[in-house]
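A quick write-up on the structure given underneath.
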Amino acid sequence: MATSVIELCNNALIDLGEETITSLADNTKAARLCNQRWPAVRDAVLRAHPWNCAIREARLAASASNAGWQYQSAYPLPADCLRVLEVCSGGVCVEEWEAQAGAVLCDETGALDLAYIARLDDPRLYDPLLCEVLTARLSATLAYPITASTALAQSFWAAYADKLREARGVDAREASPPAAPAPTTWLAAKLGR
């Protein structure tokens, strides 16, 4: 498990056969690229899957703002929200909602309970397999700018896809499966669907 962003960046640089850095502010091409690319890589990987280590819950106060023509209410999202997973009101999941422009839009008017993927800045909170995925994506992202090799970049993207698949599988098995929705018709209930 990584203890810092520098460690994750250095792991990616080592994979590329590059010298390591001591800071994102180092005056080297590798440090400048890591500094520029890290935030986008982190956010993209965190959004790609509901990682258990990044799931957070929040209660959003009743909305006083109008959402426009499609929905009645707009609830501002937490500042660290990268992806909305679930929206509930009064213990029941809201079926029709949309995340748009930093807000959850829906027809509810009371407080909302929100499950979401948070932007985690501290790598010590990451699962070890998530660290591997982040390193792989950073290697893939840096491969062409550092080596100018399209073939090498493509191989790192393939390695990233493999690591992502493995990490998603392990992460998904660390929670109970979601409950099946209740049948909506008599016939569906009779047939067990």
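Lettering and numbering for the structure tokens are positional, with chains as A, B, ... in the shown order, residues counted from 1 in each chain, and ligands counted from 1 in the shown order.
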
Item to complete: Using DSSP on the backbone coordinates, identify the residues of chain A assigned to alpha helix (DSSP H); present them as number ranges by chain.
Response: A: 5-15, 29-47, 128-147, 150-172, 186-191

Could the residues in this selection be written to a file with C-alpha atoms, as a compact mmCIF listing (two decimals), in the first residue's frame?
```txt
# COMPACT_ATOMS: atom_id res chain seq x y z
CA VAL A 5 1.51 10.45 -3.98
CA ILE A 6 5.28 10.57 -4.55
CA GLU A 7 5.49 6.82 -3.91
CA LEU A 8 2.74 6.14 -6.48
CA CYS A 9 4.41 8.45 -9.00
CA ASN A 10 7.79 6.83 -8.40
CA ASN A 11 6.29 3.36 -8.88
CA ALA A 12 4.95 4.51 -12.27
CA LEU A 13 8.30 6.08 -13.20
CA ILE A 14 10.18 2.92 -12.20
CA ASP A 15 7.83 0.89 -14.41
CA LYS A 29 10.24 16.49 -16.91
CA ALA A 30 9.06 13.46 -14.94
CA ALA A 31 8.08 15.55 -11.89
CA ARG A 32 6.29 18.13 -14.01
CA LEU A 33 4.34 15.41 -15.83
CA CYS A 34 3.43 13.65 -12.57
CA ASN A 35 2.33 16.95 -11.04
CA GLN A 36 0.19 17.74 -14.08
CA ARG A 37 -1.32 14.30 -14.65
CA TRP A 38 -1.79 12.88 -11.14
CA PRO A 39 -5.04 14.68 -10.16
CA ALA A 40 -6.85 13.65 -13.36
CA VAL A 41 -5.57 10.06 -13.13
CA ARG A 42 -6.64 9.78 -9.47
CA ASP A 43 -10.12 11.16 -10.14
CA ALA A 44 -10.66 9.01 -13.25
CA VAL A 45 -9.70 5.79 -11.45
CA LEU A 46 -11.82 6.64 -8.42
CA ARG A 47 -14.83 7.36 -10.68
CA PRO A 128 -3.51 -1.95 -2.00
CA LEU A 129 -5.04 -3.12 -5.29
CA LEU A 130 -6.36 0.38 -5.94
CA CYS A 131 -2.76 1.61 -5.53
CA GLU A 132 -1.71 -0.89 -8.20
CA VAL A 133 -4.45 0.38 -10.53
CA LEU A 134 -3.47 4.01 -9.95
CA THR A 135 0.18 3.23 -10.63
CA ALA A 136 -0.72 1.34 -13.81
CA ARG A 137 -2.91 4.15 -15.14
CA LEU A 138 -0.28 6.74 -14.31
CA SER A 139 2.35 4.61 -16.11
CA ALA A 140 0.05 4.37 -19.13
CA THR A 141 -0.64 8.10 -19.07
CA LEU A 142 3.05 9.00 -18.80
CA ALA A 143 4.39 6.34 -21.19
CA TYR A 144 4.15 8.30 -24.42
CA PRO A 145 5.18 11.75 -23.09
CA ILE A 146 8.24 10.21 -21.43
CA THR A 147 9.30 7.54 -23.93
CA THR A 150 3.29 4.31 -28.96
CA ALA A 151 3.81 0.56 -28.58
CA LEU A 152 5.01 0.96 -24.99
CA ALA A 153 2.07 3.24 -24.18
CA GLN A 154 -0.37 0.68 -25.59
CA SER A 155 1.16 -2.12 -23.54
CA PHE A 156 0.84 -0.02 -20.37
CA TRP A 157 -2.83 0.70 -21.18
CA ALA A 158 -3.40 -3.05 -21.54
CA ALA A 159 -1.67 -3.66 -18.18
CA TYR A 160 -3.87 -0.98 -16.62
CA ALA A 161 -7.03 -2.68 -17.96
CA ASP A 162 -5.90 -6.02 -16.48
CA LYS A 163 -5.14 -4.52 -13.06
CA LEU A 164 -8.43 -2.61 -13.06
CA ARG A 165 -10.38 -5.80 -13.81
CA GLU A 166 -8.63 -7.69 -10.99
CA ALA A 167 -9.08 -4.89 -8.44
CA ARG A 168 -12.75 -4.39 -9.31
CA GLY A 169 -13.41 -8.09 -8.83
CA VAL A 170 -11.78 -8.21 -5.41
CA ASP A 171 -13.36 -4.93 -4.30
CA ALA A 172 -16.84 -6.05 -5.39
CA TRP A 186 -48.70 -10.26 -9.75
CA LEU A 187 -47.42 -12.38 -12.67
CA ALA A 188 -43.79 -11.46 -11.99
CA ALA A 189 -44.25 -12.43 -8.33
CA LYS A 190 -45.87 -15.73 -9.32
CA LEU A 191 -43.03 -16.56 -11.74
```

Practice prompt. Please give the complete set of residues from segment 55-137 of chain A that DSSP, run on the backbone, assigns to strand (DSSP E), formatted as a VMD selection string.
Written response: chain A and resid 55 to 60 65 to 66 73 to 76 81 to 89 92 to 93 97 to 100 103 to 106 112 to 118

Worksheet entry | Pairwise distance for atom CA of Cys81 of chain A and atom CA of Ala118 of chain A, rounded to one decimal in Å |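 Pair atom CA of Cys81 of chain A / atom CA of Ala118 of chain A returns 4.7 Å.
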
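In this model, the gap between atom CA of Ser73 of chain A and atom CA of Glu95 of chain A comes to 14.4 Å.
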
Item to complete: Have a look at A:Leu82, A:Ala111, A:Leu105, A:Val94 and name the one nearest to Ala54 of chain A; count only C-alpha atoms.
Response: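 Using only C-alpha atoms, Ala54 of chain A sits closest to A:Leu82.
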